[in-house]
Structures are given as C-alpha cells and as structure tokens.
Amino acid sequence: GADYHPAGFPTWSEGIALGTLKIEREEFQAMDGNTQGYAKKGRKISVSPVAALPVKTLVHECAHVILGHCDQGDLTDSEVIPHDVREVEAEAVALLCCESLGLPGAEYSRGYIQSWGKGLAITERSAQRIFHAADQILRAGRPATAAQQDESEIP
C-alpha cells in the first residue's frame, strides 16, 4: 500500500478567526515596554509589533474578548471575575490553542499561569470557560472546506 502520512495540524488563519469571531485588530498604542498586547471593549485587540510570541499574545487577547473580560466594567447581573482569574483563563486558552497548533510558547504560558494563579487550583467553572473559548478560537480560524461552504449556502 501507499506510505502512511499522518494528518498534519489543522490549518488556522488569524484573519479568518478574527472575522469569524467579529474581533477587530487595532494598531498598538501602549507605551509600556512590558505590554505585549491588550483587549478593549467593543471587541478590539492589539498586539505589540515587537511581541515575543505574537500569535500566543493574539490568542490571549482574543480569549479576553470571548470570555467577556473586557465587559467587566459594564453594569450587569453577572459575576465580576477577579483580575488574576481573568489572566489565568486567557493564558490557559492561549496555552491550549498554541499547543493544539504546534506553536511555541507553552513554557511561557505555564509560568504566566503559575504566577497569576498563585498556587491555587483552577475552578471547574473556569476550566469549562477555558476549554469553550479555546474551542471557539480554534474552530473560528479554520478555513471552511468546500463541503462546509456548500452546506452554509443552502437556504
């Protein structure tokens, strides 16, 4: 038979993901040299042009948007998530996405999570939110196959 060729990593596109998730990328404006990226209300993110790991940072900022962290200042009936938990959640999403796509940065993500997590366990609720957000980001960045496009065009 033919030689076995294992399936590669699924292709993932930043542009497709941002479009699907309805997240807008803005020009980086932060003057703090330590800031790698940020997310703002209105589903807007920015990544420093000199970010050490720009895709990991992009996914981290997308996670903040998807997880609703940018809406924390709004008056809602929902719970307010502490800053340290928001950072753990967003970075855990980045870790899962980067590992799934075979991208570098896992060791930095683990250190970031440990630092913000302060030795506490991730709650079941946060774990569910993390896995859901990672799945959304990974799925959003995959180009649709011809069959999927045909199905989506059926009225």
# chains A, B, ... in the order shown; residues from 1 in each chain; ligands from 1
call {"tool": "residues_around", "arguments": {"residues": "Lys118 of chain A", "least_positions_apart": "4", "cutoff": "12 Å", "atoms": "only C-alpha atoms", "output": "compact mmCIF listing (two decimals) with N, CA and C atoms, in the first residue's frame"}}
result
# COMPACT_ATOMS: atom_id res chain seq x y z
N ASP A 84 -6.77 38.39 38.54
CA ASP A 84 -5.87 37.24 38.46
C ASP A 84 -6.54 36.05 37.78
N VAL A 85 -7.82 35.84 38.03
CA VAL A 85 -8.55 34.75 37.39
C VAL A 85 -8.71 35.03 35.89
N GLU A 87 -6.65 36.67 33.98
CA GLU A 87 -5.36 36.41 33.34
C GLU A 87 -5.08 34.92 33.22
N VAL A 88 -5.41 34.15 34.25
CA VAL A 88 -5.22 32.70 34.20
C VAL A 88 -6.08 32.11 33.08
N GLY A 111 4.42 29.37 33.01
CA GLY A 111 4.95 30.29 34.02
C GLY A 111 3.99 31.44 34.31
N TYR A 112 3.38 31.97 33.27
CA TYR A 112 2.42 33.07 33.41
C TYR A 112 1.22 32.61 34.24
N ILE A 113 0.71 31.42 33.93
CA ILE A 113 -0.43 30.87 34.65
C ILE A 113 -0.07 30.63 36.11
N GLN A 114 1.10 30.07 36.37
CA GLN A 114 1.53 29.82 37.75
C GLN A 114 1.68 31.12 38.52
N ILE A 122 -7.40 25.79 39.46
CA ILE A 122 -8.37 26.39 38.54
C ILE A 122 -9.73 25.76 38.86
call {"tool": "residues_around", "arguments": {"residues": "Gly15 of chain A", "least_positions_apart": "6", "cutoff": "12 Å", "atoms": "only C-alpha atoms", "output": "JSON, numbers by chain"}}
result
{"A": [21, 22, 23, 24, 25, 55, 58, 137, 140, 141, 142, 143]}
call {"tool": "residues_around", "arguments": {"residues": "Tyr108 of chain A", "least_positions_apart": "4", "cutoff": "12 Å", "atoms": "only C-alpha atoms", "output": "compact mmCIF listing (two decimals) with N, CA and C atoms, in the first residue's frame"}}
result
# COMPACT_ATOMS: atom_id res chain seq x y z
N ALA A 52 7.08 39.10 21.84
CA ALA A 52 7.97 37.94 21.76
C ALA A 52 7.29 36.77 21.06
N LEU A 53 6.02 36.55 21.36
CA LEU A 53 5.25 35.45 20.76
C LEU A 53 3.92 36.03 20.27
N LYS A 56 0.64 33.78 20.19
CA LYS A 56 0.20 33.45 21.54
C LYS A 56 -0.46 34.67 22.17
N THR A 57 0.13 35.84 21.97
CA THR A 57 -0.43 37.07 22.52
C THR A 57 -1.78 37.37 21.87
N GLU A 91 -4.69 33.11 29.54
CA GLU A 91 -3.42 32.46 29.20
C GLU A 91 -3.59 30.96 29.05
N ALA A 92 -4.51 30.36 29.80
CA ALA A 92 -4.78 28.93 29.63
C ALA A 92 -5.37 28.66 28.24
N ALA A 94 -4.69 30.51 25.60
CA ALA A 94 -3.54 30.65 24.71
C ALA A 94 -2.68 29.39 24.72
N LEU A 95 -2.47 28.82 25.89
CA LEU A 95 -1.68 27.59 26.01
C LEU A 95 -2.33 26.46 25.22
N CYS A 98 -2.14 27.23 21.34
CA CYS A 98 -0.79 27.13 20.79
C CYS A 98 -0.31 25.67 20.77
N GLU A 99 -0.60 24.93 21.82
CA GLU A 99 -0.21 23.52 21.83
C GLU A 99 -0.96 22.75 20.75
N LEU A 103 2.46 25.53 18.04
CA LEU A 103 3.18 26.79 18.10
C LEU A 103 4.02 26.89 19.38
N PRO A 104 5.09 27.67 19.36
CA PRO A 104 5.93 27.80 20.55
C PRO A 104 5.27 28.66 21.63
N TYR A 112 3.38 31.97 33.27
CA TYR A 112 2.42 33.07 33.41
C TYR A 112 1.22 32.61 34.24
N ILE A 113 0.71 31.42 33.93
CA ILE A 113 -0.43 30.87 34.65
C ILE A 113 -0.07 30.63 36.11
N GLN A 114 1.10 30.07 36.37
CA GLN A 114 1.53 29.82 37.75
C GLN A 114 1.68 31.12 38.52
N SER A 115 2.22 32.14 37.87
CA SER A 115 2.42 33.42 38.54
C SER A 115 1.08 34.06 38.92
call {"tool": "atom_distance", "arguments": {"atom1": "atom CA of Asp135 of chain A", "atom2": "atom CA of Ile66 of chain A"}}
result
11.0 Å
call {"tool": "select_by_dssp", "arguments": {"residues": "chain A", "states": "strand (DSSP E)", "output": "list in words"}}
result
Glu24, Arg25, Gly37, Tyr38, Ala39, Lys40, Lys44, Ile45, Ser46 and Val47 of chain A
call {"tool": "write_last_selection", "arguments": {"atoms": "C-alpha atoms", "output": "PDB file, in the first residue's frame"}}
result
ATOM      1  CA  GLU A  24     -11.124  43.901  15.255  1.00  0.00           C
ATOM      2  CA  ARG A  25      -7.346  44.266  15.425  1.00  0.00           C
ATOM      3  CA  GLY A  37      -0.924  43.199  23.832  1.00  0.00           C
ATOM      4  CA  TYR A  38      -4.298  44.281  25.133  1.00  0.00           C
ATOM      5  CA  ALA A  39      -8.033  43.839  24.600  1.00  0.00           C
ATOM      6  CA  LYS A  40     -10.644  46.581  24.836  1.00  0.00           C
ATOM      7  CA  LYS A  44     -10.947  45.207  19.825  1.00  0.00           C
ATOM      8  CA  ILE A  45      -7.465  43.823  20.406  1.00  0.00           C
ATOM      9  CA  SER A  46      -3.915  44.921  19.749  1.00  0.00           C
ATOM     10  CA  VAL A  47      -0.592  43.075  19.727  1.00  0.00           C
TER      11      VAL A  47
END
call {"tool": "atom_distance", "arguments": {"atom1": "atom CA of Gln36 of chain A", "atom2": "atom CA of Gln128 of chain A"}}
result
25.9 Å
call {"tool": "residues_around", "arguments": {"residues": "Ile81 of chain A", "least_positions_apart": "2", "cutoff": "12 Å", "atoms": "only C-alpha atoms", "output": "NGL selection string"}}
result
:A and (64 or 67-73 or 78-79 or 83-89 or 125-126)
call {"tool": "write_last_selection", "arguments": {"atoms": "N, CA, C and O atoms", "output": "CSV table (one decimal), in the first residue's frame"}}
result
chain,number,residue,atom,x,y,z
A,64,HIS,N,-9.6,37.1,26.1
A,64,HIS,CA,-10.2,38.1,27.0
A,64,HIS,C,-11.5,38.6,26.4
A,64,HIS,O,-12.5,38.7,27.1
A,67,LEU,N,-14.2,35.6,26.5
A,67,LEU,CA,-14.6,35.3,27.9
A,67,LEU,C,-15.3,36.4,28.6
A,67,LEU,O,-15.8,36.3,29.7
A,68,GLY,N,-15.5,37.6,27.9
A,68,GLY,CA,-16.2,38.7,28.4
A,68,GLY,C,-15.5,39.5,29.4
A,68,GLY,O,-16.0,40.3,30.1
A,69,HIS,N,-14.1,39.3,29.5
A,69,HIS,CA,-13.3,40.1,30.4
A,69,HIS,C,-13.3,41.6,30.2
A,69,HIS,O,-13.1,42.4,31.1
A,70,CYS,N,-13.5,42.0,28.9
A,70,CYS,CA,-13.5,43.4,28.5
A,70,CYS,C,-14.7,44.1,28.9
A,70,CYS,O,-14.8,45.3,28.9
A,71,ASP,N,-15.8,43.3,29.3
A,71,ASP,CA,-17.1,43.9,29.6
A,71,ASP,C,-17.2,44.0,31.2
A,71,ASP,O,-18.3,44.3,31.6
A,72,GLN,N,-16.2,43.8,31.9
A,72,GLN,CA,-16.3,43.7,33.4
A,72,GLN,C,-16.8,45.0,34.0
A,72,GLN,O,-17.4,45.0,35.0
A,73,GLY,N,-16.5,46.1,33.3
A,73,GLY,CA,-16.9,47.4,33.9
A,73,GLY,C,-18.4,47.7,33.6
A,73,GLY,O,-18.9,48.7,34.2
A,78,SER,N,-24.1,39.7,36.0
A,78,SER,CA,-23.2,38.6,36.0
A,78,SER,C,-22.1,38.9,37.1
A,78,SER,O,-21.9,40.0,37.6
A,79,GLU,N,-21.4,37.8,37.4
A,79,GLU,CA,-20.4,37.9,38.4
A,79,GLU,C,-19.2,38.7,37.9
A,79,GLU,O,-19.0,38.8,36.7
A,83,HIS,N,-9.1,40.0,38.6
A,83,HIS,CA,-8.1,40.2,37.5
A,83,HIS,C,-7.2,39.0,37.4
A,83,HIS,O,-6.9,38.5,36.3
A,84,ASP,N,-6.8,38.4,38.5
A,84,ASP,CA,-5.9,37.2,38.5
A,84,ASP,C,-6.5,36.1,37.8
A,84,ASP,O,-5.9,35.3,37.0
A,85,VAL,N,-7.8,35.8,38.0
A,85,VAL,CA,-8.6,34.7,37.4
A,85,VAL,C,-8.7,35.0,35.9
A,85,VAL,O,-8.6,34.1,35.1
A,86,ARG,N,-9.0,36.3,35.5
A,86,ARG,CA,-9.1,36.6,34.1
A,86,ARG,C,-7.8,36.3,33.4
A,86,ARG,O,-7.8,35.8,32.2
A,87,GLU,N,-6.7,36.7,34.0
A,87,GLU,CA,-5.4,36.4,33.3
A,87,GLU,C,-5.1,34.9,33.2
A,87,GLU,O,-4.6,34.5,32.2
A,88,VAL,N,-5.4,34.2,34.3
A,88,VAL,CA,-5.2,32.7,34.2
A,88,VAL,C,-6.1,32.1,33.1
A,88,VAL,O,-5.6,31.3,32.3
A,89,GLU,N,-7.3,32.5,33.0
A,89,GLU,CA,-8.2,32.0,32.0
A,89,GLU,C,-7.7,32.3,30.6
A,89,GLU,O,-7.6,31.4,29.7
A,125,ARG,N,-15.6,25.9,37.0
A,125,ARG,CA,-16.2,26.9,36.1
A,125,ARG,C,-15.2,27.5,35.2
A,125,ARG,O,-15.5,27.7,34.0
A,126,SER,N,-14.1,27.9,35.7
A,126,SER,CA,-13.0,28.5,34.9
A,126,SER,C,-12.5,27.5,33.8
A,126,SER,O,-12.3,27.8,32.7
call {"tool": "atom_distance", "arguments": {"atom1": "atom CA of Phe28 of chain A", "atom2": "atom CA of Val50 of chain A"}}
result
10.1 Å
call {"tool": "select_by_dssp", "arguments": {"residues": "segment 2-152 of chain A", "states": "helix (DSSP H, G or I)", "output": "ChimeraX atom specification"}}
result
/A:14-21,54-66,69-71,83-101,106-117,124-140,146-152
